[in-house]
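The structure file query37.tsv is reproduced below (TSV, C-alpha atoms).
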chain	number	residue	atom	x	y	z
Z	1	MET	CA	5.03	20.66	24.84
Z	2	HIS	CA	4.01	19.84	21.28
Z	3	HIS	CA	5.54	21.68	18.35
Z	4	GLN	CA	3.04	22.89	15.80
Z	5	TRP	CA	4.06	22.66	12.17
Z	6	GLN	CA	3.96	25.87	10.19
Z	7	ARG	CA	1.03	26.20	7.85
Z	8	PRO	CA	1.92	26.26	4.16
Z	9	ARG	CA	-0.45	29.05	3.13
Z	10	ALA	CA	2.07	31.31	1.44
Z	11	ARG	CA	3.69	28.36	-0.31
Z	12	LEU	CA	0.52	26.66	-1.50
Z	13	GLY	CA	-1.54	29.56	-2.73
Z	14	PRO	CA	-4.88	28.81	-4.38
Z	15	ALA	CA	-5.55	25.21	-5.36
Z	16	CYS	CA	-7.00	25.82	-8.78
Z	17	PRO	CA	-8.05	28.77	-10.95
Z	18	GLY	CA	-10.46	30.81	-8.89
Z	19	GLY	CA	-9.35	29.09	-5.69
Z	20	GLN	CA	-9.38	30.84	-2.33
Z	21	HIS	CA	-7.52	30.54	0.91
Z	22	PRO	CA	-8.94	28.14	3.51
Z	23	SER	CA	-12.16	28.91	5.29
Z	24	ALA	CA	-13.27	27.81	8.74
Z	25	GLN	CA	-14.96	24.82	7.12
Z	26	ILE	CA	-11.56	23.22	6.51
Z	27	ARG	CA	-10.81	23.23	10.20
Z	28	ASN	CA	-14.17	21.62	10.89
Z	29	PRO	CA	-14.36	18.79	8.34
Z	30	MET	CA	-16.97	16.06	8.27
Z	31	PHE	CA	-16.24	12.82	10.09
Z	32	THR	CA	-18.88	10.60	8.48
Z	33	LEU	CA	-20.56	10.26	5.10
Z	34	SER	CA	-24.23	9.50	4.45
Z	35	ARG	CA	-25.24	6.31	2.67
Z	36	GLY	CA	-26.71	8.29	-0.24
Z	37	SER	CA	-23.62	10.46	-0.69
Z	38	PHE	CA	-21.35	7.42	-0.74
Z	39	TYR	CA	-23.35	5.48	-3.31
Z	40	PHE	CA	-23.78	8.55	-5.53
Z	41	HIS	CA	-20.23	9.89	-5.44
Z	42	PHE	CA	-18.18	6.68	-5.15
Z	43	GLN	CA	-19.93	4.49	-7.72
Z	44	ASN	CA	-17.13	3.53	-10.12
Z	45	LEU	CA	-19.04	4.25	-13.32
Z	46	LEU	CA	-17.08	4.45	-16.55
Z	47	ARG	CA	-19.20	7.47	-17.56
Z	48	ALA	CA	-20.03	9.70	-14.61
Z	49	HIS	CA	-20.70	13.05	-16.23
Z	50	ASP	CA	-23.13	14.12	-13.50
Z	51	ARG	CA	-20.65	13.54	-10.66
Z	52	HIS	CA	-18.74	16.81	-10.36
Z	53	THR	CA	-17.61	16.73	-6.72
Z	54	THR	CA	-14.54	15.05	-5.31
Z	55	ILE	CA	-15.06	13.37	-1.95
Z	56	LEU	CA	-11.92	12.47	0.02
Z	57	CYS	CA	-12.29	10.11	2.99
Z	58	CYS	CA	-9.03	10.01	4.92
Z	59	ARG	CA	-7.62	7.83	7.66
Z	60	VAL	CA	-4.67	9.38	9.52
Z	61	GLU	CA	-2.64	6.93	11.63
Z	62	ARG	CA	-0.15	8.51	14.02
Z	63	VAL	CA	2.25	5.62	14.54
Z	64	GLN	CA	4.12	6.69	17.69
Z	65	LYS	CA	0.95	7.56	19.60
Z	66	GLY	CA	-1.24	4.83	18.16
Z	67	LEU	CA	-3.96	7.39	17.30
Z	68	VAL	CA	-6.29	7.20	14.32
Z	69	ASP	CA	-8.31	10.11	12.88
Z	70	ARG	CA	-11.03	9.67	10.25
Z	71	ILE	CA	-12.09	12.76	8.34
Z	72	VAL	CA	-14.01	13.61	5.16
Z	73	PHE	CA	-13.30	16.51	2.80
Z	74	ARG	CA	-15.07	17.66	-0.34
Z	75	ASN	CA	-14.40	20.33	-2.94
Z	76	GLN	CA	-15.48	23.76	-1.76
Z	77	VAL	CA	-17.79	25.56	-4.17
Z	78	GLY	CA	-15.62	27.99	-6.13
Z	79	GLY	CA	-12.70	27.30	-3.79
Z	80	LEU	CA	-10.20	24.67	-2.73
Z	81	HIS	CA	-10.25	21.11	-3.94
Z	82	ALA	CA	-10.52	18.33	-1.36
Z	83	GLU	CA	-6.80	17.46	-1.48
Z	84	LEU	CA	-5.79	21.02	-0.59
Z	85	CYS	CA	-8.42	21.16	2.14
Z	86	PHE	CA	-6.73	18.13	3.68
Z	87	ILE	CA	-3.24	19.65	3.51
Z	88	TYR	CA	-4.37	22.86	5.22
Z	89	TRP	CA	-6.19	20.84	7.86
Z	90	PHE	CA	-3.14	18.63	8.39
Z	91	TYR	CA	-0.83	21.57	9.02
Z	92	ASP	CA	-3.27	22.87	11.63
Z	93	GLN	CA	-2.80	19.70	13.70
Z	94	GLU	CA	-0.32	19.55	16.57
Z	95	LEU	CA	2.26	16.93	15.71
Z	96	LEU	CA	5.61	15.97	17.14
Z	97	PRO	CA	8.60	16.86	14.92
Z	98	ARG	CA	9.21	14.05	12.40
Z	99	GLU	CA	6.23	12.12	13.78
Z	100	GLU	CA	5.53	9.15	11.53
Z	101	CYS	CA	2.08	9.25	9.89
Z	102	GLN	CA	0.36	6.81	7.57
Z	103	LEU	CA	-2.32	8.39	5.40
Z	104	THR	CA	-4.96	6.40	3.51
Z	105	TRP	CA	-7.18	8.32	1.08
Z	106	TYR	CA	-10.36	7.01	-0.54
Z	107	MET	CA	-11.26	9.40	-3.37
Z	108	SER	CA	-14.27	9.55	-5.68
Z	109	TRP	CA	-12.10	11.11	-8.43
Z	110	SER	CA	-8.34	11.08	-8.96
Z	111	SER	CA	-6.50	14.40	-8.59
Z	112	CYS	CA	-6.28	17.22	-11.10
Z	113	PRO	CA	-2.73	18.27	-12.15
Z	114	ASN	CA	-2.61	21.23	-9.76
Z	115	CYS	CA	-3.63	19.18	-6.73
Z	116	ALA	CA	-1.34	16.32	-7.73
Z	117	ASP	CA	1.57	18.78	-7.85
Z	118	HIS	CA	0.79	20.17	-4.38
Z	119	VAL	CA	0.38	16.70	-2.86
Z	120	ALA	CA	3.63	15.53	-4.49
Z	121	ARG	CA	5.50	18.52	-3.01
Z	122	PHE	CA	3.90	17.83	0.35
Z	123	LEU	CA	5.25	14.24	0.25
Z	124	ALA	CA	8.68	15.34	-0.98
Z	125	GLU	CA	9.04	17.63	2.02
Z	126	HIS	CA	7.89	15.04	4.59
Z	127	SER	CA	9.69	11.71	4.36
Z	128	ASN	CA	7.98	10.66	7.62
Z	129	ILE	CA	4.58	10.57	5.88
Z	130	SER	CA	3.39	7.66	3.72
Z	131	LEU	CA	0.33	8.05	1.52
Z	132	THR	CA	-1.87	5.38	-0.08
Z	133	ILE	CA	-4.53	6.67	-2.49
Z	134	PHE	CA	-7.47	4.56	-3.66
Z	135	VAL	CA	-9.59	6.17	-6.39
Z	136	ALA	CA	-13.07	5.14	-7.52
Z	137	ARG	CA	-12.69	6.80	-10.94
Z	138	VAL	CA	-9.80	8.20	-12.98
Z	139	TYR	CA	-10.37	11.86	-13.84
Z	140	TYR	CA	-9.66	12.95	-17.45
Z	141	ASN	CA	-7.75	9.73	-18.05
Z	142	TRP	CA	-7.05	10.68	-21.70
Z	143	ALA	CA	-5.44	14.08	-20.95
Z	144	SER	CA	-1.64	14.06	-20.81
Z	145	GLU	CA	-1.34	16.73	-18.09
Z	146	TYR	CA	-3.64	14.73	-15.81
Z	147	GLN	CA	-1.61	11.58	-16.52
Z	148	CYS	CA	1.63	13.42	-15.69
Z	149	GLY	CA	0.15	14.56	-12.38
Z	150	LEU	CA	-0.64	10.99	-11.34
Z	151	ARG	CA	2.83	9.83	-12.33
Z	152	ARG	CA	4.35	12.66	-10.28
Z	153	LEU	CA	2.47	11.42	-7.19
Z	154	CYS	CA	3.93	7.95	-7.65
Z	155	GLN	CA	7.42	9.35	-8.15
Z	156	GLU	CA	7.17	10.95	-4.70
Z	157	GLY	CA	6.22	7.61	-3.13
Z	158	ALA	CA	2.40	7.69	-3.11
Z	159	GLN	CA	0.78	4.28	-3.59
Z	160	LEU	CA	-1.98	4.83	-6.19
Z	161	GLU	CA	-4.61	2.16	-6.86
Z	162	ALA	CA	-8.15	1.83	-8.19
Z	163	MET	CA	-10.73	0.98	-5.52
Z	164	SER	CA	-11.64	-2.72	-5.57
Z	165	PHE	CA	-14.48	-4.34	-3.62
Z	166	GLN	CA	-12.20	-4.51	-0.56
Z	167	GLU	CA	-11.51	-0.77	-0.57
Z	168	PHE	CA	-15.16	0.13	-1.19
Z	169	GLU	CA	-16.12	-2.09	1.73
Z	170	ASP	CA	-13.41	-0.67	4.01
Z	171	CYS	CA	-14.35	2.93	3.16
Z	172	TYR	CA	-18.07	2.36	3.55
Z	173	GLU	CA	-17.80	0.58	6.88
Z	174	GLU	CA	-15.35	3.16	8.27
Z	175	PHE	CA	-17.09	6.35	7.13
Z	176	VAL	CA	-20.74	5.35	6.77
Z	177	GLY	CA	-20.79	2.77	9.54
Z	178	GLU	CA	-22.96	0.12	7.91
Z	179	PRO	CA	-22.36	-3.18	6.08
Z	180	PHE	CA	-21.49	-2.52	2.43
Z	181	ARG	CA	-23.70	-3.77	-0.39
Z	182	PRO	CA	-21.97	-3.72	-3.81
Z	183	TRP	CA	-23.69	-2.35	-6.91
Z	184	LYS	CA	-24.05	-4.16	-10.20
Z	185	GLY	CA	-20.96	-3.91	-12.36
Z	186	LEU	CA	-18.58	-2.99	-9.51
Z	187	TYR	CA	-16.00	-5.64	-10.38
Z	188	SER	CA	-16.04	-5.15	-14.17
Z	189	ASN	CA	-15.80	-1.38	-13.73
Z	190	TYR	CA	-12.96	-1.81	-11.23
Z	191	THR	CA	-11.05	-3.93	-13.74
Z	192	GLN	CA	-11.34	-1.21	-16.38
Z	193	GLN	CA	-10.46	1.60	-13.96
Z	194	GLU	CA	-7.43	-0.39	-12.75
Z	195	ASN	CA	-6.28	-1.13	-16.31
Z	196	MET	CA	-6.72	2.55	-17.16
Z	197	LEU	CA	-4.62	3.56	-14.16
Z	198	ARG	CA	-1.90	0.99	-14.85
Z	199	LYS	CA	-1.71	2.16	-18.46
Z	200	ILE	CA	-1.20	5.74	-17.27
Z	201	LEU	CA	1.38	4.87	-14.64
Z	202	GLY	CA	3.09	2.27	-16.79
Z	203	THR	CA	3.83	0.22	-13.69
Z	204	VAL	CA	2.84	-0.37	-10.11
Z	205	SER	CA	3.07	2.51	-7.62
Z	206	LEU	CA	6.74	2.47	-6.67
Z	207	LEU	CA	8.50	2.60	-3.33
Z	208	LYS	CA	10.91	5.39	-2.48
Z	209	GLU	CA	14.54	4.30	-2.43
Z	210	GLU	CA	14.88	5.13	1.27
Z	211	THR	CA	11.71	3.17	2.08
Z	212	PHE	CA	13.03	0.06	0.36
Z	213	LEU	CA	16.53	0.34	1.86
Z	214	PHE	CA	15.09	0.70	5.37
Z	215	GLN	CA	12.12	-1.66	5.27
Z	216	PHE	CA	13.75	-4.50	3.31
Z	217	ASN	CA	17.14	-4.28	5.05
Z	218	ASN	CA	17.88	-7.76	6.46
Z	219	ARG	CA	19.93	-6.46	9.35
Z	220	HIS	CA	18.51	-7.80	12.63
Z	221	ARG	CA	18.28	-4.43	14.41
Z	222	VAL	CA	17.32	-0.98	13.19
Z	223	PRO	CA	20.55	0.97	12.55
Z	224	ARG	CA	21.51	3.38	15.35
Z	225	HIS	CA	21.78	6.34	12.97
Z	226	CYS	CA	17.96	6.39	12.85
Z	227	GLY	CA	18.07	8.10	16.28
Z	228	PRO	CA	16.18	7.47	19.52
Z	229	ARG	CA	12.79	7.61	17.78
Z	230	ARG	CA	13.62	4.82	15.37
Z	231	PRO	CA	10.70	4.14	12.99
Z	232	ARG	CA	9.22	0.67	12.94
Z	233	ARG	CA	10.05	-1.77	10.21
Z	234	LYS	CA	6.66	-2.77	8.83
Z	235	THR	CA	5.43	-5.59	6.64
Z	236	TYR	CA	5.62	-4.79	2.94
Z	237	LEU	CA	4.57	-7.36	0.34
Z	238	CYS	CA	5.54	-6.86	-3.30
Z	239	TYR	CA	4.22	-9.40	-5.79
Z	240	LEU	CA	4.42	-10.38	-9.45
Z	241	LEU	CA	1.65	-12.48	-11.03
Z	242	ALA	CA	2.34	-14.08	-14.41
Z	243	ARG	CA	1.12	-16.91	-16.59
Z	244	PRO	CA	3.93	-19.18	-17.82
Z	245	GLY	CA	4.38	-18.79	-21.55
Z	246	ASP	CA	2.32	-15.58	-21.67
Z	247	ALA	CA	4.26	-12.72	-23.28
Z	248	THR	CA	2.18	-9.98	-21.61
Z	249	ALA	CA	3.68	-8.02	-18.72
Z	250	PRO	CA	3.03	-9.54	-15.28
Z	251	THR	CA	0.54	-8.01	-12.87
Z	252	LYS	CA	2.37	-6.17	-10.08
Z	253	GLY	CA	1.38	-4.90	-6.67
Z	254	CYS	CA	2.95	-3.52	-3.53
Z	255	LEU	CA	1.00	-3.72	-0.27
Z	256	GLN	CA	1.60	-2.96	3.37
Z	257	ASN	CA	-0.27	-3.57	6.60
Z	258	LYS	CA	-3.47	-1.56	6.95
Z	259	LYS	CA	-5.27	-1.18	10.26
Z	260	GLY	CA	-6.99	-4.51	10.91
Z	261	HIS	CA	-5.55	-6.14	7.77
Z	262	HIS	CA	-2.08	-7.62	7.38
Z	263	ALA	CA	-0.41	-7.14	4.02
Z	264	GLU	CA	-0.72	-10.88	3.32
Z	265	ILE	CA	-4.50	-10.75	3.81
Z	266	CYS	CA	-4.78	-7.73	1.50
Z	267	PHE	CA	-2.73	-9.69	-1.05
Z	268	ILE	CA	-4.94	-12.79	-0.79
Z	269	LYS	CA	-8.12	-10.73	-1.22
Z	270	ARG	CA	-6.66	-8.98	-4.23
Z	271	ILE	CA	-5.63	-12.25	-5.90
Z	272	ARG	CA	-9.03	-13.82	-5.25
Z	273	SER	CA	-10.77	-10.73	-6.66
Z	274	LEU	CA	-9.03	-11.28	-10.03
Z	275	GLY	CA	-11.19	-14.32	-10.79
Z	276	LEU	CA	-8.27	-16.62	-11.68
Z	277	ASP	CA	-9.12	-19.98	-13.25
Z	278	PRO	CA	-8.01	-22.84	-10.91
Z	279	SER	CA	-7.43	-25.07	-13.94
Z	280	GLN	CA	-4.79	-22.71	-15.40
Z	281	ASP	CA	-1.09	-22.33	-14.56
Z	282	TYR	CA	0.00	-19.20	-12.68
Z	283	LEU	CA	3.27	-18.07	-11.13
Z	284	ILE	CA	3.24	-15.64	-8.19
Z	285	THR	CA	6.48	-14.34	-6.73
Z	286	CYS	CA	6.23	-12.46	-3.42
Z	287	TYR	CA	8.90	-10.39	-1.66
Z	288	LEU	CA	8.18	-9.86	2.05
Z	289	THR	CA	9.98	-7.75	4.64
Z	290	TRP	CA	8.82	-10.11	7.43
Z	291	SER	CA	7.76	-13.77	7.38
Z	292	PRO	CA	3.99	-14.25	7.88
Z	293	CYS	CA	2.27	-14.72	11.22
Z	294	LEU	CA	0.47	-18.03	11.87
Z	295	ASP	CA	-2.94	-16.83	10.65
Z	296	CYS	CA	-1.53	-15.30	7.45
Z	297	ALA	CA	0.54	-18.42	6.79
Z	298	PHE	CA	-2.56	-20.64	7.06
Z	299	LYS	CA	-4.49	-18.36	4.68
Z	300	LEU	CA	-1.61	-18.31	2.17
Z	301	ALA	CA	-1.52	-22.11	2.38
Z	302	LYS	CA	-5.29	-22.18	1.71
Z	303	LEU	CA	-4.79	-19.97	-1.36
Z	304	LYS	CA	-2.21	-22.44	-2.67
Z	305	LYS	CA	-4.59	-25.34	-2.02
Z	306	ASP	CA	-7.48	-23.61	-3.83
Z	307	PHE	CA	-5.30	-23.08	-6.91
Z	308	PRO	CA	-3.47	-26.41	-7.33
Z	309	ARG	CA	-1.68	-25.29	-10.50
Z	310	LEU	CA	-0.39	-22.12	-8.86
Z	311	THR	CA	3.36	-21.88	-8.27
Z	312	LEU	CA	3.74	-19.67	-5.21
Z	313	ARG	CA	7.22	-18.41	-4.35
Z	314	ILE	CA	7.67	-16.40	-1.15
Z	315	PHE	CA	11.00	-14.66	-0.57
Z	316	ILE	CA	11.50	-13.22	2.91
Z	317	SER	CA	13.97	-10.60	4.12
Z	318	ARG	CA	13.65	-11.32	7.87
Z	319	LEU	CA	12.03	-14.00	10.06
Z	320	TYR	CA	9.28	-12.75	12.37
Z	321	PHE	CA	9.49	-14.05	15.99
Z	322	HIS	CA	11.29	-17.10	14.65
Z	323	TRP	CA	11.94	-18.50	18.15
Z	324	ILE	CA	8.20	-18.83	18.95
Z	325	ARG	CA	6.68	-22.19	18.05
Z	326	LYS	CA	3.42	-20.89	16.57
Z	327	PHE	CA	5.31	-18.74	14.07
Z	328	GLN	CA	7.50	-21.72	13.20
Z	329	LYS	CA	4.33	-23.74	12.62
Z	330	GLY	CA	3.18	-21.13	10.11
Z	331	LEU	CA	6.37	-21.67	8.10
Z	332	GLN	CA	5.77	-25.43	8.26
Z	333	GLN	CA	2.22	-25.03	6.94
Z	334	LEU	CA	3.45	-22.99	4.00
Z	335	TRP	CA	6.01	-25.69	3.23
Z	336	LEU	CA	3.37	-28.43	3.45
Z	337	SER	CA	1.10	-26.49	1.07
Z	338	GLY	CA	3.74	-26.73	-1.66
Z	339	ALA	CA	4.71	-23.06	-1.57
Z	340	LEU	CA	8.40	-22.27	-1.89
Z	341	VAL	CA	9.58	-20.31	1.15
Z	342	ALA	CA	13.10	-18.92	0.84
Z	343	ILE	CA	15.27	-16.11	2.18
Z	344	MET	CA	16.03	-13.12	0.00
Z	345	GLY	CA	19.59	-12.95	-1.24
Z	346	LEU	CA	21.36	-10.47	-3.48
Z	347	GLN	CA	19.46	-11.67	-6.57
Z	348	GLU	CA	16.03	-11.29	-4.92
Z	349	PHE	CA	16.84	-7.86	-3.44
Z	350	THR	CA	18.02	-6.76	-6.90
Z	351	ASP	CA	14.86	-8.11	-8.59
Z	352	CYS	CA	12.65	-6.40	-6.01
Z	353	TRP	CA	14.57	-3.13	-6.43
Z	354	ASN	CA	14.24	-3.25	-10.22
Z	355	ASN	CA	10.50	-3.98	-10.17
Z	356	PHE	CA	9.14	-2.01	-7.21
Z	357	VAL	CA	11.43	0.95	-6.45
Z	358	ASN	CA	11.47	4.41	-7.98
Z	359	HIS	CA	15.23	4.17	-8.46
Z	360	GLN	CA	15.60	6.68	-11.32
Z	361	GLN	CA	17.56	4.14	-13.40
Z	362	SER	CA	20.16	3.57	-10.66
Z	363	SER	CA	21.37	0.04	-9.91
Z	364	PHE	CA	20.86	-1.67	-6.58
Z	365	THR	CA	23.84	-1.19	-4.25
Z	366	PRO	CA	23.98	-3.85	-1.50
Z	367	TRP	CA	24.29	-2.64	2.07
Z	368	ASP	CA	27.15	-3.81	4.27
Z	369	LYS	CA	27.05	-7.53	5.16
Z	370	LEU	CA	23.91	-8.24	3.10
Z	371	ASP	CA	25.20	-11.68	2.05
Z	372	ALA	CA	26.27	-12.58	5.60
Z	373	TYR	CA	22.85	-11.63	7.00
Z	374	SER	CA	21.09	-13.64	4.26
Z	375	LYS	CA	23.25	-16.69	4.93
Z	376	ASN	CA	22.57	-16.47	8.67
Z	377	ILE	CA	18.79	-16.14	8.21
Z	378	ARG	CA	18.75	-18.89	5.57
Z	379	GLY	CA	20.48	-21.26	7.99
Z	380	ARG	CA	17.98	-20.37	10.71
Z	381	LEU	CA	15.03	-21.08	8.38
Z	382	GLY	CA	16.53	-24.43	7.44
Z	383	ARG	CA	16.91	-25.43	11.10
Z	384	ILE	CA	13.29	-24.42	11.82
Z	385	LEU	CA	11.92	-26.46	8.93
Z	386	ARG	CA	14.04	-29.50	9.79
Z	387	SER	CA	12.84	-29.34	13.40
Z	388	TRP	CA	9.29	-29.67	12.08
Z	389	GLY	CA	10.17	-32.60	9.81
Z	390	CYS	CA	10.30	-30.60	6.58
Z	391	GLY	CA	12.79	-31.39	3.84
Z	392	PRO	CA	14.82	-28.97	1.74
Z	393	THR	CA	12.04	-28.40	-0.82
Z	394	PRO	CA	8.22	-28.23	-0.62
Z	395	PRO	CA	6.29	-31.45	-1.44
Z	396	SER	CA	4.93	-30.26	-4.80
Z	397	GLU	CA	7.73	-27.97	-5.95
Z	398	GLY	CA	10.89	-29.98	-6.27
Z	399	SER	CA	13.64	-27.77	-7.61
Z	400	SER	CA	11.30	-24.96	-8.69
Z	401	ARG	CA	14.06	-22.39	-8.76
Can you present the structure in this file as structure tokens?
Amino acid sequence: MHHQWQRPRARLGPACPGGQHPSAQIRNPMFTLSRGSFYFHFQNLLRAHDRHTTILCCRVERVQKGLVDRIVFRNQVGGLHAELCFIYWFYDQELLPREECQLTWYMSWSSCPNCADHVARFLAEHSNISLTIFVARVYYNWASEYQCGLRRLCQEGAQLEAMSFQEFEDCYEEFVGEPFRPWKGLYSNYTQQENMLRKILGTVSLLKEETFLFQFNNRHRVPRHCGPRRPRRKTYLCYLLARPGDATAPTKGCLQNKKGHHAEICFIKRIRSLGLDPSQDYLITCYLTWSPCLDCAFKLAKLKKDFPRLTLRIFISRLYFHWIRKFQKGLQQLWLSGALVAIMGLQEFTDCWNNFVNHQQSSFTPWDKLDAYSKNIRGRLGRILRSWGCGPTPPSEGSSR
């Protein structure tokens, strides 16, 4: 028998001034979006004064059951905003206690302060829920209270990004059901929206401490204290992109597997979308919870080949199916491409913690036997590479560290 979560009506109250309690429409949301509505509401214009409605397209992935729901919410006239409509709808669903859910939101506008506060509290109360938010446009980007609301979302673990071509394509194909055709100026507008968002947040959307300590832990097995319903350790990819000798802050990102797209593929698409000059020097440092599969390894190797002056460093917490030959071959291909593939040690875990975790100024505290696990995995990687005829360093790197 399923346990139904209590609705938060008394706790939430109205979403915004003049807001009302949920109507029957919330319990019967849309499941698709028309072509015209998408192109009108989601166009990432820098001046969109005639777009007053927030559209929220949501993918809900229920990890244990392998179920995926796709739903569309919009602001109710004189009532709840789309974000609050989602929360009321979510609490009406029958879920197992502590059931792990991955939420992906595609939004035409970023949240107002009131909605951001409610969503942040919703995340704070449910550590089993992860939320990634892609926004087409940043709402009232110059107003400090709106900026604070977005920062609060990130502090509670939400991943907040501007929609790039990839996200527009994913949203359109999922919720409209047709091939996506980009509009003129999509990329240049995305660049400005992303810069605007990064300026507000000051940094990349950060991981929760508990997410980092669980997902990046290099222990071979999930600790027993996680209980019989132990959550899966997923692939997270955190990256830093810099130009040697450039004093500006590096570009940061933190990605995880999305349905149909591994984190490595999302990373490659994002890097290619930046329009990097192959004749220039770049340094990319990646921190991965799992080593890449064969297909991702080949595509990472192709990225390195297409940018010959790119220094690509890949630090891995754990080896994925390291005893299977095709996964070993992926590691060999990365080595042959000239990428540096290494195992995360204390220094790399500390660097990743400092750059990608919402640690509230606390220092990284190593878990028990971190160094021993790193040494064991490092030895295993060395044996794999030697068995495939690879030396201690990649062909084009030398002693890059």
Residues at most 10 Å from Cys254 (chain Z), counting only C-alpha atoms, excluding those fewer than 4 positions away in the same chain, as a PDB file with C-alpha atoms, in the frame of the given file?
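Output saved as around12.pdb:
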ATOM      1  CA  GLN Z 159       0.780   4.280  -3.590  1.00  0.00           C
ATOM      2  CA  VAL Z 204       2.840  -0.370 -10.110  1.00  0.00           C
ATOM      3  CA  SER Z 205       3.070   2.510  -7.620  1.00  0.00           C
ATOM      4  CA  LEU Z 206       6.740   2.470  -6.670  1.00  0.00           C
ATOM      5  CA  LEU Z 207       8.500   2.600  -3.330  1.00  0.00           C
ATOM      6  CA  TYR Z 236       5.620  -4.790   2.940  1.00  0.00           C
ATOM      7  CA  LEU Z 237       4.570  -7.360   0.340  1.00  0.00           C
ATOM      8  CA  CYS Z 238       5.540  -6.860  -3.300  1.00  0.00           C
ATOM      9  CA  TYR Z 239       4.220  -9.400  -5.790  1.00  0.00           C
ATOM     10  CA  LEU Z 240       4.420 -10.380  -9.450  1.00  0.00           C
ATOM     11  CA  ALA Z 263      -0.410  -7.140   4.020  1.00  0.00           C
ATOM     12  CA  PHE Z 267      -2.730  -9.690  -1.050  1.00  0.00           C
ATOM     13  CA  CYS Z 286       6.230 -12.460  -3.420  1.00  0.00           C
ATOM     14  CA  TYR Z 287       8.900 -10.390  -1.660  1.00  0.00           C
ATOM     15  CA  LEU Z 288       8.180  -9.860   2.050  1.00  0.00           C
ATOM     16  CA  PHE Z 356       9.140  -2.010  -7.210  1.00  0.00           C
TER      17      PHE Z 356
END
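By all atoms listed in the file, and with residues fewer than 4 positions from Glu348 (chain Z) along its chain excluded, the set lying at most 8 Å from it is Tyr287, Phe315, Met344 and Cys352 of chain Z.
Candidate residues Z:Asp50, Z:Glu83, Z:Asp246, Z:Asp117 were compared for distance to Cys154 (chain Z), and the nearest is Z:Asp117, using all atoms listed in the file.
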| query | From the list Z:Asp170, Z:Ala48, Z:Ser337, Z:Glu161, which residue is nearest Tyr139 (chain Z) when using only C-alpha atoms? | reply |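 Using only C-alpha atoms, the shortest distance to Tyr139 (chain Z) belongs to Z:Ala48.
Atom to atom, CA of Trp183 (chain Z) and CA of Leu46 (chain Z) stand 13.5 Å apart.
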Quick one: 3 Å padding each side, axis-aligned, all listed atoms of region 155-161 of chain Z - centre and edge lengths in Å to one decimal, as lines of an AutoDock Vina configuration file?
center_x = 1.4
center_y = 6.6
center_z = -5.6
size_x = 18.0
size_y = 14.8
size_z = 11.0
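Nearest-residue note for Glu178 (chain Z): choosing from Z:Asn218, Z:Thr350, Z:Thr32, Z:Asn257, the minimum distance belongs to Z:Thr32, counting all atoms listed in the file.
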| said: Report, in Å with one decimal, the straight-line distance from CA of Gln256 (chain Z) to CA of Trp290 (chain Z). | reply: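 Distance reported for this atom pair: 10.9 Å.
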| field | Test item: residues at most 10 Å from Asp295 (chain Z), only C-alpha atoms, excluding those fewer than 3 positions along its chain, as a count of residues only | value | 11
| task | Tell me, in Å to one decimal, how far CA of Lys199 (chain Z) is from CA of Tyr187 (chain Z). | result | 18.2 Å
Contacts of Ala342 (chain Z) at 8 Å (only C-alpha atoms; same-chain gap of 6+ positions) as a PDB file with C-alpha atoms, in the coordinates of the input:
ATOM      1  CA  ARG Z 313       7.220 -18.410  -4.350  1.00  0.00           C
ATOM      2  CA  ILE Z 314       7.670 -16.400  -1.150  1.00  0.00           C
ATOM      3  CA  PHE Z 315      11.000 -14.660  -0.570  1.00  0.00           C
ATOM      4  CA  ILE Z 316      11.500 -13.220   2.910  1.00  0.00           C
ATOM      5  CA  ARG Z 378      18.750 -18.890   5.570  1.00  0.00           C
TER       6      ARG Z 378
END
| said: For a quick check of understanding, using all atoms listed in the file, which of Z:Arg243, Z:Lys234, Z:Ser164, Z:Ser363 has the smallest distance to Cys266 (chain Z)? | reply: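 For Cys266 (chain Z), the nearest of the candidates is Z:Ser164.
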| remark: The residue from Z:Pro113, Z:Pro179, Z:Gly66, Z:Pro244 with the smallest atom-to-atom distance to Tyr140 (chain Z), counting all atoms listed in the file, is Z:Pro113
| field | Selection: 12 Å around Glu173 (chain Z), all atoms listed in the file, excl. self and same-chain fewer than 2 positions, as a ChimeraX atom specification | value | /Z:32-35,38,57,70,166-171,175-181
Expected file: the selected residues, C-alpha atoms, as an mmCIF file, in the frame of the given file:
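See out21.cif below for the written result:
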data_model
loop_
_atom_site.group_PDB
_atom_site.id
_atom_site.type_symbol
_atom_site.label_atom_id
_atom_site.label_comp_id
_atom_site.auth_asym_id
_atom_site.auth_seq_id
_atom_site.Cartn_x
_atom_site.Cartn_y
_atom_site.Cartn_z
ATOM 1 C CA THR Z 32 -18.880 10.600 8.480
ATOM 2 C CA LEU Z 33 -20.560 10.260 5.100
ATOM 3 C CA SER Z 34 -24.230 9.500 4.450
ATOM 4 C CA ARG Z 35 -25.240 6.310 2.670
ATOM 5 C CA PHE Z 38 -21.350 7.420 -0.740
ATOM 6 C CA CYS Z 57 -12.290 10.110 2.990
ATOM 7 C CA ARG Z 70 -11.030 9.670 10.250
ATOM 8 C CA GLN Z 166 -12.200 -4.510 -0.560
ATOM 9 C CA GLU Z 167 -11.510 -0.770 -0.570
ATOM 10 C CA PHE Z 168 -15.160 0.130 -1.190
ATOM 11 C CA GLU Z 169 -16.120 -2.090 1.730
ATOM 12 C CA ASP Z 170 -13.410 -0.670 4.010
ATOM 13 C CA CYS Z 171 -14.350 2.930 3.160
ATOM 14 C CA PHE Z 175 -17.090 6.350 7.130
ATOM 15 C CA VAL Z 176 -20.740 5.350 6.770
ATOM 16 C CA GLY Z 177 -20.790 2.770 9.540
ATOM 17 C CA GLU Z 178 -22.960 0.120 7.910
ATOM 18 C CA PRO Z 179 -22.360 -3.180 6.080
ATOM 19 C CA PHE Z 180 -21.490 -2.520 2.430
ATOM 20 C CA ARG Z 181 -23.700 -3.770 -0.390
#
